[in-house]
Amino acid sequence: MALSEKFKGQTPAWCPGCGNFAILNVLKRTFEAMHLEPHEITIVSGIGQGAKLPHYTRCNTFNGLHGRTLPVATGLTLVNPLTRIIAIAGDGDCYGEGGNHLLHTIRRNPNITLLVHNNQVYGLTKGQASPTSVPALASKIQPFGNPSEPLNPLALAIALDCGFVARGFAGAGGLPHLQKLITMALEHRGFALIDILQNCVSFNKINTFHWYKEHTYFLEEGYDPGDRQAAFARSLEWENGIPLGLFYRREKATVEDRLPRGDRESLTAPPFLSAAAVADELGRFF
Amino acid sequence: MALSEKFKGQTPAWCPGCGNFAILNVLKRTFEAMHLEPHEITIVSGIGQGAKLPHYTRCNTFNGLHGRTLPVATGLTLVNPLTRIIAIAGDGDCYGEGGNHLLHTIRRNPNITLLVHNNQVYGLTKGQASPTSVPALASKIQPFGNPSEPLNPLALAIALDCGFVARGFAGAGGLPHLQKLITMALEHRGFALIDILQNCVSFNKINTFHWYKEHTYFLEEGYDPGDRQAAFARSLEWENGIPLGLFYRREKATVEDRLPRGDRESLTAPPFLSAAAVADELGRFF
Amino acid sequence: MDITIRIGGEAGQGMQFIGSALAGIFTRRGLHVFTHQDYMSRIRGGHNFYQVRFSDRPVRCSREKVDILVALDGRTIEVHRDDLDPRGIVLYDERMTRSSYPEPRFKNIPFLALTEELGLAPIMANSAAVGAILGGLGLGLDTYAPVVDELMGKKGKEVAASNLRVARAGSDHVDKMVWPGHLRCGEPGGPPLLLLNGSQAIGTGAVVSGCRFYAAYPMTPSTGIMIHIASRAKAHGIVIEQAEDEIAAINMALGASFGGVRAMTGTSGGGFALMVEGLSLAGMTEIPVVIAEVQRPGPATGLPTRTEQSDLLFVLHAGHGEFPRVLFAPGTPEQALYLTNKAFDLAEKYQIPAIIQSDQYLADAEWSYPKLDPAPLRCLDYRDRATDGDAADYQRYRFTDSGVSPLAVPGLSPRLVVVDSDEHDEEGHIIEDAETRRRMVDKRWRRKWPALRAEIAQPLLYGHDRPELLLVGYGSTYGIMHDAVDILGENRAAAMLHFSELWPFPDPALGDYLNILRQARLAICVENNATGQLARLIRGETGFEFPAFLRKYDGRPFLLEPFMDEIHGLIGKI
Amino acid sequence: MDITIRIGGEAGQGMQFIGSALAGIFTRRGLHVFTHQDYMSRIRGGHNFYQVRFSDRPVRCSREKVDILVALDGRTIEVHRDDLDPRGIVLYDERMTRSSYPEPRFKNIPFLALTEELGLAPIMANSAAVGAILGGLGLGLDTYAPVVDELMGKKGKEVAASNLRVARAGSDHVDKMVWPGHLRCGEPGGPPLLLLNGSQAIGTGAVVSGCRFYAAYPMTPSTGIMIHIASRAKAHGIVIEQAEDEIAAINMALGASFGGVRAMTGTSGGGFALMVEGLSLAGMTEIPVVIAEVQRPGPATGLPTRTEQSDLLFVLHAGHGEFPRVLFAPGTPEQALYLTNKAFDLAEKYQIPAIIQSDQYLADAEWSYPKLDPAPLRCLDYRDRATDGDAADYQRYRFTDSGVSPLAVPGLSPRLVVVDSDEHDEEGHIIEDAETRRRMVDKRWRRKWPALRAEIAQPLLYGHDRPELLLVGYGSTYGIMHDAVDILGENRAAAMLHFSELWPFPDPALGDYLNILRQARLAICVENNATGQLARLIRGETGFEFPAFLRKYDGRPFLLEPFMDEIHGLIGKI
Ligand SMILES: Cc1ncc(C[n+]2csc(CCOP(=O)(O)OP(=O)(O)O)c2C)c(N)n1
Ligand SMILES: Cc1ncc(C[n+]2csc(CCOP(=O)(O)OP(=O)(O)O)c2C)c(N)n1
Ligand code: SF4
Ligand code: SF4
Ligand SMILES: [Mg+2]
Ligand SMILES: [Mg+2]
């Protein structure tokens, strides 16, 4: 299916060969397949290479600070139910600078789909180790490699009982699969995390496109994403093959379920109280 | 064993009946049993009720900002190997404000013992929900209870492959057990997390001392803390009994293992370069 | 009549109950009240006090001298006996203080025994104290029941009824005592007054301005604002979110404001420090947001439950890069209410962050008012809430003469709202060229500035209109300066110049304040800090150099008598 | 001779290689060099350039006019052709630019073909460009090999040898061309010069000051400092830690400094915003720390790879509560080196935070120097490193006349080091009483202040000593003001007043600068920002009002010719 002009945005400033192109493409395809209009979507992102994505399509956009994607998206979803909210972040963005927000957004369970463009490196700032970098990754400030263990975002999310935990790959064979994952995530009620393995041609010479292609495989048909223990076990697989797919899913109450008035009407009307209500507020201190 | 004066500090400002007294006592006992001197210990803490603890014993102390216990302790251990470093934090301190540091300190694996005084509430600020509060906990800013799911610190730590993950209870039967846990943690090479259930008489009327007493039990003799899957499974137990004990242990390289010169000599000498070395540094730009 | 009651004891003993009950009863009887609180950063034990000053005339600050000291423990007597007015009295129960005091001004009243005799719990002894005071003052227990009902809230009628019985026992007991005549009230007339503190006022200001989202992380002394708004949230559909940290709080507020509603956050200095990057984000994205910064003594954790005015220059300059902001520092709950409303108005009108700076003293001090007038409130909606339109019509950052571009609501229409923390073009997309950059800086800052500055009120001159003695301050020193001017004004041309709208700094060309400053024989800059931040600001903005300063930085507010002494000392030096 | 070479192309094409190679070769030949970089926030594509100015006299800023434009793509020609000096030339390869230019000043050189002929990879075509320029300038390839060896680092001898072959081909090719005579160098004499940028200078300043710990989170344009220190870490046992965020970075640095070593962190404005609470912690705990704040245009993410001086007042006032700090804004790499050393010295001596403010321009611009003198470096250890003593002897916050208390190392002796973010007593334990609070504020701030202020140098006056035309600035505008004064000084009494030690603000009573400001017929405040922050600071601290301003806020540095034009415009208005 050729892409229409509907979601055509600015020209990407990514390096040729960067995995971000594939993610952008899949996302546009997903929007088209789901018959979404640009104004029915909001992408909230941070700072990093992947985080530039919303400029390269068309939708409502909040391209905020490095690491602060999730609180912005949360504030938005708590008051405005009019758009599907997609949060886009890098591995540094979301697991490094913004790690705390991930923990607590999972606890809140807002209706947000989070796509992490996980290239296992800091791309935009030129190659430093990210929270998911392997120990062998060296850089000018880590001349002898990365001294910390890589963080396993899937295991983390499953430990926090995140309601939708998946891994995709921004590569040829993985694209229809990624589209399916994103579609499912957008249809999931509650917070959905998709960690997307994405090559960085400029700075990650270890986990290259081909490395990912060789090391990943799809979770088998019949895998049951309802089993948290099994999901945890599978999330720990890495050395002998990296599973792709939906690891864990559980529906539960979302933070929006307790919204007082996140409705269309409250957003079309000026936000003011009636004169009687104002008088009541001012008179409460007798 | 009566406590000597050696570790006697200021008079605690805690409420009578607070579980913090028990933790303080066990800690002093542990110091004495391990034949430590006050200057051989550094307690780094944040802000909260539990975080006041170092003032109530005698040791080197860095009582810093709310949430920032672990980075301070990390900076210290990276340059100064002379003391045993204990980090003390509240559940709000460590899992809320400072949540990001917990993730990354586990990845670094420094030689620090972290005690979390987990009373499942914000004590010092008067009873708001903490990251570990149960949904039923109500407060003046959460009049209808706590809308987020409680965070499971043990599952989180196991997911991140933290090398020492334990739970204690600041209560009668739990005290010798807690002392054993703290001793093991101090003897463990690397980062050790002990989440200590602690009653707050003033603000947590749900998880009271008696509630904890009734709902906790010790992990059985013969439980194998080397099995990560099993540890994860046991860490999820709560409703039908809360296990106490060492859930998971694994020895691995610590961040100090890559220290260039964290030795006593470098700390007794002024930090300056020789004249030749200075000349070399200034002449590197030809 | 001008009577000060101070109630002291350990945290958890219930000083707040006694004080609030008294203050509530006094205002219902039409008496003017000023209260302030002094408490430690602990939940039980230590030493706290609550002070209630009341009068038949308005009162705006606390006195040091105490007329009636209520001691719930022995330490209270030790700590406060030197503050007792020579004609003042002490009410205590020797079972609580664990010693008895033979001097006649020490009145041993068996609060505990009176309660026990009624078969009630010892904590109700506090009602005996309230009853005793009301009895002694000759005010009776008429308004006792409704006030305590309200204070008790959910705890129900039965408890309130029991409290009333204990209060009566206290009152009856005092009837048999010698009570100094100058501490009797007569029959106060007057309609009931309102009683509210700074936190309630800011919270109410937010509610009546249509605030729909408040996210914060608990931090003393700012939590009172969140508590007030949370108590009104259900009635008005306000979303309250406890964030995981202050960084999340401000980013949530910006997300919500982007989403189309008026949004706010609040914190104290340490939490504000964590919001600084988010403040700069508000500046760059031109998203309206209101922030309450409630000061406590710093640096760092400092004295968490005490007061200081030491974040003025910090908050004024917070945030990397250059962008306009509004900074207000109300001096009274009334100002806090209207300035919060004005903060929302200007934040939305100019699409900028607006900050209300308060402090622990203002936050917790209660003031009484005959009424709060809705008329000055400004409620205008500046958002573009159209539900139709075309994506091609709309640019979030369209260049306009005013610098203000239309602010649409995402999802309401086909128009796309694109905001960016990077420098951007009119559509909101990232740019790097010099020309667009320059124009966007002009739009965000230069174009908005003149109109924004014109919104700012001149500082308030109270007292003589050509004063020789001038007290100059901002924020919570309003009350003490006002009352001092009333006293000083009896002998000389005295006035107060109070700044509550601090940024944009009031334009001296639009008013007379700079002349007033210059012509005063003695202008004293009064600040609750160590380094004189307002004086520095005024010097920077106007060139005026103060000849004299009055500063306090021990975590406590100014009290009337020592304040007057210091002023007289400064006058003497001239 | 004063020649400017600008090399433009897409990110990733290797402009930096060409520029660095040329600059290195020039300085080895004893030529004075100034370089600056202009790059986008992307890794490949877009448009970047690197500019090298060299001369037989010192040069301190960039010119707008280009003598030799090296175009690695067609866009470079579009963007920069208007900047070409009328007598300037363009070097390009039509295969790279995808069009050819008939005018004689456009020199089509087949960089790619020359490389391919040697059977080498296309990326080495950059060496052909270097060779061509060296050939054209008449400098030869003598110093080519060692410079490229060093640039290539680990990549090994073989690559370097191949590069040399390509360079020779480029040089030979040019030999056959007409090359304008005024762009030939003759035989430069002089011993080799050093070449370093602001980041390297700050990094070196830290290393030679004995810094043992550097924690930071990557952020352009501050990362260069960390890269330099990391490159020296193994040699000197320096611990380098990439923190999870900037909050962690500053808290780690404080933990390390508490642990007994000199510690530092660095970041840009947005990251500094996140460090503000930690800065206040340094103030309260009196733990020495050095912070580099390397500015880029804000607010928020702004223009991440460009330059601005817009964080001055923010950084100066950052942090809740009141505490002393030091703020330096070096104008050159040389100043950056010595002021970093002074920052460490004062941080340790007064137990305060010391901040070095830089910006992208200073960070990346390279300057040449004959040598860097170790003599002015101050290396004194102020810590108490005794290994004996008694716990009872020691109080971390002992009251002293100077306000400075002994700073011991935890674990070295039985003495206990107790630090606290709450207000504390001499031992470091939490207190809440008014009296201790007041005394601690006095200790931390008032007592230290006079001695600290006396450490601060007066601003630098360069040029005429009683100037009628005075350029006033701070930080990275040093070079442009200096060179402008050299030009202006030919016709009039001109001078520059440069502030590099900004806080404590230089005491006007200790020098003559205020008189110089006042007596100048025209004092122009030069700032790379929109709101004139230095002018506001000077007005606040001295009362001096500038009559004229020169500001630039498009993310680019001042360039010599337009700068001179603007000054002449301002002179004309007088
Ligand atoms: C507060 C703050 N700190 C640091 C930065 C600099 N910065 C921008 S992007 C980035 C990391 C990028 O890595 P990642 O999130 O993995 O995204 P990628 O570029 O790899 O897609 C950093 C450190 C910033 N913009 N803000
Ligand atoms: C930056 C910052 N935000 C908020 C606070 C206020 N604060 C102090 S302690 C605390 C929470 C205490 O809860 P917890 O960590 O669980 O400790 P506890 O008192 O329950 O032992 C908060 C919110 C602070 N000191 N600093
Ligand atoms: S640096 Fe890496 S992540 Fe960034 S655009 Fe280039 S390839 Fe993609
Ligand atoms: S409030 Fe709770 S945690 Fe704090 S001291 Fe009291 S009982 Fe302990
Ligand atoms: Mg990345
Ligand atoms: Mg707690």
# chains A, B, ... in the order shown; residues from 1 in each chain; ligands from 1
>>> residues_around(residues="Gly190 (chain A)", least_positions_apart="6", cutoff="10 Å", atoms="only C-alpha atoms", output="list in words")
Ile106, Arg108, Asn109, Pro110, Asn111, Ile112, Thr113, Cys162, Gly163, Phe164, Arg250, Glu251, Lys252, Ala253, Thr254, Val255, Glu256 and Asp257 of chain A
>>> write_last_selection(atoms="N, CA and C atoms", output="compact mmCIF listing (two decimals), in the first residue's frame")
# COMPACT_ATOMS: atom_id res chain seq x y z
N ILE A 106 3.48 3.70 34.59
CA ILE A 106 2.97 2.32 34.62
C ILE A 106 2.00 2.15 35.80
N ARG A 108 0.15 4.38 37.15
CA ARG A 108 -1.10 5.12 36.89
C ARG A 108 -1.96 4.46 35.82
N ASN A 109 -1.30 3.87 34.85
CA ASN A 109 -2.00 3.21 33.74
C ASN A 109 -2.89 4.16 32.92
N PRO A 110 -2.32 5.23 32.40
CA PRO A 110 -3.12 6.09 31.53
C PRO A 110 -3.21 5.49 30.12
N ASN A 111 -4.11 5.99 29.36
CA ASN A 111 -4.36 5.48 28.02
C ASN A 111 -3.34 6.04 27.01
N ILE A 112 -2.14 5.58 27.10
CA ILE A 112 -1.05 6.11 26.28
C ILE A 112 -0.27 4.94 25.70
N THR A 113 0.09 5.07 24.44
CA THR A 113 0.97 4.08 23.81
C THR A 113 2.38 4.66 23.76
N CYS A 162 2.86 -3.76 34.19
CA CYS A 162 2.40 -2.93 33.08
C CYS A 162 1.43 -3.75 32.23
N GLY A 163 0.32 -3.14 31.82
CA GLY A 163 -0.75 -3.90 31.17
C GLY A 163 -0.48 -4.33 29.74
N PHE A 164 0.54 -3.81 29.11
CA PHE A 164 0.85 -4.18 27.72
C PHE A 164 2.35 -3.99 27.54
N ARG A 250 -2.55 -7.32 30.21
CA ARG A 250 -3.58 -7.44 31.24
C ARG A 250 -4.39 -6.16 31.21
N GLU A 251 -5.71 -6.31 31.14
CA GLU A 251 -6.57 -5.11 31.17
C GLU A 251 -6.85 -4.73 32.62
N LYS A 252 -6.80 -3.47 32.89
CA LYS A 252 -7.18 -3.03 34.23
C LYS A 252 -7.64 -1.59 34.17
N ALA A 253 -8.11 -1.09 35.29
CA ALA A 253 -8.64 0.28 35.32
C ALA A 253 -7.56 1.27 34.89
N THR A 254 -7.96 2.27 34.15
CA THR A 254 -7.00 3.30 33.74
C THR A 254 -7.21 4.54 34.61
N VAL A 255 -6.23 5.43 34.52
CA VAL A 255 -6.32 6.65 35.31
C VAL A 255 -7.49 7.50 34.81
N GLU A 256 -7.80 7.40 33.53
CA GLU A 256 -8.91 8.18 32.99
C GLU A 256 -10.25 7.72 33.57
N ASP A 257 -10.31 6.47 34.05
CA ASP A 257 -11.57 5.99 34.59
C ASP A 257 -12.04 6.82 35.77
>>> residues_near_ligand(ligand="ligand 3", cutoff="10 Å", atoms="only C-alpha atoms and all ligand atoms", output="VMD selection string")
(chain A and resid 12 to 21 48 to 50 52 90 117 to 127 198 to 204) or (chain D and resid 42 to 45)
>>> write_last_selection(atoms="N, CA, C and O atoms", output="tab-separated table (two decimals), in the first residue's frame")
chain	number	residue	atom	x	y	z
A	12	PRO	N	12.92	14.25	7.12
A	12	PRO	CA	13.68	13.82	8.30
A	12	PRO	C	15.14	14.25	8.27
A	12	PRO	O	15.77	14.27	7.20
A	13	ALA	N	15.66	14.55	9.44
A	13	ALA	CA	17.07	14.93	9.57
A	13	ALA	C	17.89	13.75	10.07
A	13	ALA	O	18.95	13.92	10.65
A	14	TRP	N	17.38	12.54	9.85
A	14	TRP	CA	18.13	11.36	10.29
A	14	TRP	C	19.18	10.95	9.28
A	14	TRP	O	19.10	11.28	8.09
A	15	CYS	N	20.15	10.18	9.72
A	15	CYS	CA	21.17	9.64	8.83
A	15	CYS	C	20.53	8.64	7.88
A	15	CYS	O	19.67	7.85	8.29
A	16	PRO	N	21.02	8.61	6.66
A	16	PRO	CA	20.55	7.57	5.75
A	16	PRO	C	20.85	6.20	6.36
A	16	PRO	O	21.93	5.99	6.91
A	17	GLY	N	19.86	5.31	6.31
A	17	GLY	CA	20.06	3.97	6.86
A	17	GLY	C	19.62	3.82	8.30
A	17	GLY	O	19.64	2.73	8.86
A	18	CYS	N	19.22	4.92	8.91
A	18	CYS	CA	18.80	4.89	10.31
A	18	CYS	C	17.49	4.11	10.45
A	18	CYS	O	16.56	4.27	9.65
A	19	GLY	N	17.38	3.32	11.49
A	19	GLY	CA	16.17	2.55	11.75
A	19	GLY	C	14.94	3.40	12.01
A	19	GLY	O	13.81	2.91	11.93
A	20	ASN	N	15.14	4.66	12.32
A	20	ASN	CA	13.98	5.51	12.60
A	20	ASN	C	13.06	5.65	11.39
A	20	ASN	O	11.85	5.82	11.55
A	21	PHE	N	13.63	5.57	10.19
A	21	PHE	CA	12.79	5.70	9.00
A	21	PHE	C	11.73	4.61	8.98
A	21	PHE	O	10.57	4.84	8.64
A	48	GLY	N	15.90	13.72	21.30
A	48	GLY	CA	16.72	12.62	20.85
A	48	GLY	C	16.41	12.45	19.37
A	48	GLY	O	15.60	13.20	18.81
A	49	GLN	N	17.04	11.49	18.74
A	49	GLN	CA	16.77	11.31	17.30
A	49	GLN	C	15.35	10.84	17.08
A	49	GLN	O	14.60	11.42	16.28
A	50	GLY	N	14.96	9.77	17.76
A	50	GLY	CA	13.62	9.25	17.58
A	50	GLY	C	12.57	10.30	17.92
A	50	GLY	O	11.51	10.38	17.29
A	52	LYS	N	12.37	13.26	17.31
A	52	LYS	CA	12.03	14.23	16.26
A	52	LYS	C	10.88	13.74	15.40
A	52	LYS	O	10.36	14.50	14.56
A	90	GLY	N	13.41	8.02	23.16
A	90	GLY	CA	14.59	7.19	22.94
A	90	GLY	C	14.90	6.39	24.18
A	90	GLY	O	14.31	6.59	25.24
A	117	HIS	N	12.22	4.11	20.93
A	117	HIS	CA	13.15	3.86	19.83
A	117	HIS	C	14.48	3.47	20.47
A	117	HIS	O	15.30	4.32	20.80
A	118	ASN	N	14.65	2.19	20.66
A	118	ASN	CA	15.78	1.70	21.45
A	118	ASN	C	16.94	1.28	20.55
A	118	ASN	O	17.00	0.15	20.09
A	119	ASN	N	17.85	2.23	20.34
A	119	ASN	CA	19.03	1.92	19.53
A	119	ASN	C	20.23	1.61	20.40
A	119	ASN	O	21.36	1.53	19.92
A	120	GLN	N	19.99	1.45	21.70
A	120	GLN	CA	21.04	1.06	22.64
A	120	GLN	C	22.23	2.01	22.64
A	120	GLN	O	23.37	1.59	22.89
A	121	VAL	N	21.94	3.28	22.39
A	121	VAL	CA	23.01	4.28	22.38
A	121	VAL	C	22.37	5.67	22.41
A	121	VAL	O	21.18	5.81	22.13
A	122	TYR	N	23.15	6.67	22.81
A	122	TYR	CA	22.72	8.05	22.66
A	122	TYR	C	23.10	8.49	21.25
A	122	TYR	O	24.28	8.67	20.96
A	123	GLY	N	22.10	8.63	20.40
A	123	GLY	CA	22.38	9.00	19.02
A	123	GLY	C	22.65	10.49	18.87
A	123	GLY	O	23.74	10.90	18.46
A	124	LEU	N	21.68	11.29	19.28
A	124	LEU	CA	21.77	12.73	19.00
A	124	LEU	C	23.02	13.37	19.60
A	124	LEU	O	23.58	14.30	19.03
A	125	THR	N	23.44	12.89	20.77
A	125	THR	CA	24.61	13.50	21.41
A	125	THR	C	25.91	12.78	21.06
A	125	THR	O	26.91	12.97	21.73
A	126	LYS	N	25.83	11.91	20.07
A	126	LYS	CA	27.04	11.36	19.46
A	126	LYS	C	27.71	10.19	20.17
A	126	LYS	O	28.92	10.17	20.35
A	127	GLY	N	26.86	9.24	20.52
A	127	GLY	CA	27.43	7.94	20.77
A	127	GLY	C	27.78	7.51	22.18
A	127	GLY	O	28.44	6.49	22.36
A	198	GLN	N	16.14	-0.71	17.23
A	198	GLN	CA	16.32	0.17	16.08
A	198	GLN	C	17.80	0.40	15.87
A	198	GLN	O	18.50	0.76	16.81
A	199	ASN	N	18.29	0.18	14.68
A	199	ASN	CA	19.72	0.36	14.47
A	199	ASN	C	20.10	1.83	14.34
A	199	ASN	O	19.33	2.65	13.86
A	200	CYS	N	21.30	2.13	14.82
A	200	CYS	CA	21.89	3.47	14.65
A	200	CYS	C	23.16	3.27	13.86
A	200	CYS	O	24.14	2.73	14.37
A	201	VAL	N	23.11	3.68	12.60
A	201	VAL	CA	24.26	3.42	11.74
A	201	VAL	C	25.48	4.22	12.14
A	201	VAL	O	26.62	3.83	11.85
A	202	SER	N	25.27	5.32	12.79
A	202	SER	CA	26.42	6.19	13.07
A	202	SER	C	27.16	5.81	14.34
A	202	SER	O	28.37	5.97	14.43
A	203	PHE	N	26.43	5.33	15.36
A	203	PHE	CA	27.12	5.16	16.64
A	203	PHE	C	27.05	3.77	17.27
A	203	PHE	O	27.81	3.49	18.17
A	204	ASN	N	26.14	2.96	16.84
A	204	ASN	CA	26.12	1.63	17.43
A	204	ASN	C	26.60	0.62	16.40
A	204	ASN	O	25.84	0.14	15.56
D	42	ARG	N	22.22	17.50	14.11
D	42	ARG	CA	21.97	16.25	13.40
D	42	ARG	C	23.32	15.64	13.09
D	42	ARG	O	24.35	16.30	13.15
D	43	ILE	N	23.31	14.35	12.73
D	43	ILE	CA	24.58	13.63	12.59
D	43	ILE	C	25.00	13.57	11.13
D	43	ILE	O	26.18	13.55	10.81
D	44	ARG	N	24.04	13.50	10.23
D	44	ARG	CA	24.34	13.46	8.80
D	44	ARG	C	23.44	14.48	8.11
D	44	ARG	O	22.33	14.76	8.55
D	45	GLY	N	23.92	15.00	6.97
D	45	GLY	CA	23.08	15.88	6.17
D	45	GLY	C	23.05	17.30	6.71
D	45	GLY	O	23.89	17.70	7.51
>>> interface_residues(of="chain A", to="chain B", cutoff="8 Å", atoms="only C-alpha atoms", output="number ranges by chain")
A: 96-100, 103-104, 107-109, 131, 147-152, 155-156, 159-160, 229, 232-233, 255
>>> interface_residues(of="chain D", to="chain C", cutoff="6 Å", atoms="only C-alpha atoms", output="ChimeraX atom specification")
/D:269-270,273-274,276-277,280-281,284,298-303,310-311,314,317-318,320-322,421-423,434,437-438,539-540,543,554
>>> residues_around(residues="Gly205 (chain D)", least_positions_apart="5", cutoff="10 Å", atoms="only C-alpha atoms", output="number ranges by chain")
B: 278, 281-282; D: 199-200, 210-211, 229, 333-344, 377
>>> write_last_selection(atoms="N, CA, C and O atoms", output="tab-separated table (two decimals), in the first residue's frame")
chain	number	residue	atom	x	y	z
B	278	VAL	N	51.98	18.78	35.20
B	278	VAL	CA	51.27	20.00	34.82
B	278	VAL	C	51.81	20.50	33.49
B	278	VAL	O	51.03	20.83	32.58
B	281	GLU	N	50.39	18.50	30.77
B	281	GLU	CA	48.99	18.81	30.46
B	281	GLU	C	48.88	20.11	29.67
B	281	GLU	O	48.07	20.23	28.75
B	282	LEU	N	49.66	21.09	30.06
B	282	LEU	CA	49.57	22.40	29.40
B	282	LEU	C	50.19	22.36	28.00
B	282	LEU	O	49.92	23.23	27.18
D	199	SER	N	36.55	24.17	25.68
D	199	SER	CA	36.28	22.93	26.41
D	199	SER	C	37.56	22.26	26.87
D	199	SER	O	37.66	21.80	28.01
D	200	GLN	N	38.52	22.23	25.97
D	200	GLN	CA	39.80	21.63	26.36
D	200	GLN	C	40.46	22.44	27.47
D	200	GLN	O	41.09	21.89	28.37
D	210	GLY	N	43.85	19.30	40.06
D	210	GLY	CA	43.72	18.12	40.91
D	210	GLY	C	42.32	17.56	41.00
D	210	GLY	O	42.00	16.82	41.92
D	211	CYS	N	41.48	17.90	40.04
D	211	CYS	CA	40.13	17.33	40.02
D	211	CYS	C	40.24	15.81	39.95
D	211	CYS	O	40.98	15.27	39.14
D	229	ILE	N	38.50	15.54	29.85
D	229	ILE	CA	38.91	14.98	31.15
D	229	ILE	C	38.97	13.46	31.06
D	229	ILE	O	39.89	12.83	31.60
D	333	PRO	N	40.14	30.68	25.77
D	333	PRO	CA	40.62	29.43	26.37
D	333	PRO	C	41.64	29.67	27.48
D	333	PRO	O	41.62	28.99	28.50
D	334	GLU	N	42.50	30.64	27.30
D	334	GLU	CA	43.50	30.92	28.33
D	334	GLU	C	42.82	31.33	29.64
D	334	GLU	O	43.12	30.80	30.72
D	335	GLN	N	41.88	32.26	29.55
D	335	GLN	CA	41.14	32.64	30.75
D	335	GLN	C	40.39	31.43	31.32
D	335	GLN	O	40.28	31.25	32.53
D	336	ALA	N	39.86	30.61	30.43
D	336	ALA	CA	39.09	29.45	30.88
D	336	ALA	C	39.97	28.53	31.72
D	336	ALA	O	39.55	28.02	32.76
D	337	LEU	N	41.19	28.36	31.28
D	337	LEU	CA	42.13	27.51	32.03
D	337	LEU	C	42.37	28.07	33.43
D	337	LEU	O	42.20	27.39	34.44
D	338	TYR	N	42.76	29.34	33.49
D	338	TYR	CA	43.14	29.90	34.78
D	338	TYR	C	41.93	30.13	35.68
D	338	TYR	O	42.02	30.01	36.90
D	339	LEU	N	40.82	30.48	35.09
D	339	LEU	CA	39.63	30.69	35.93
D	339	LEU	C	39.07	29.36	36.44
D	339	LEU	O	38.49	29.31	37.53
D	340	THR	N	39.23	28.30	35.68
D	340	THR	CA	38.82	26.99	36.22
D	340	THR	C	39.68	26.65	37.42
D	340	THR	O	39.19	26.18	38.45
D	341	ASN	N	40.97	26.92	37.29
D	341	ASN	CA	41.85	26.70	38.43
D	341	ASN	C	41.44	27.57	39.62
D	341	ASN	O	41.36	27.10	40.76
D	342	LYS	N	41.12	28.83	39.34
D	342	LYS	CA	40.72	29.72	40.44
D	342	LYS	C	39.38	29.27	41.03
D	342	LYS	O	39.15	29.37	42.23
D	343	ALA	N	38.49	28.74	40.17
D	343	ALA	CA	37.21	28.25	40.67
D	343	ALA	C	37.43	27.11	41.66
D	343	ALA	O	36.82	27.07	42.74
D	344	PHE	N	38.31	26.18	41.30
D	344	PHE	CA	38.61	25.09	42.24
D	344	PHE	C	39.20	25.65	43.52
D	344	PHE	O	38.84	25.24	44.63
D	377	LEU	N	49.04	29.16	38.19
D	377	LEU	CA	48.13	28.16	38.76
D	377	LEU	C	48.30	28.10	40.27
D	377	LEU	O	49.42	28.11	40.79
>>> select_by_dssp(residues="region 2-148 of chain B", states="helix (DSSP H, G or I)", output="PyMOL selection string")
chain B and resi 20-33+38-40+50-56+69-79+91-97+99-108
>>> select_by_dssp(residues="region 5-118 of chain B", states="strand (DSSP E or B)", output="list in words")
Ile41, Thr42, Ile43, Val44, Ser45, Asn60, Thr61, Phe62, Asn63, Arg84, Ile85, Ile86, Ala87, Ile88, Ala89, Gly90, Ile112, Thr113, Leu114, Leu115, Val116, His117 and Asn118 of chain B
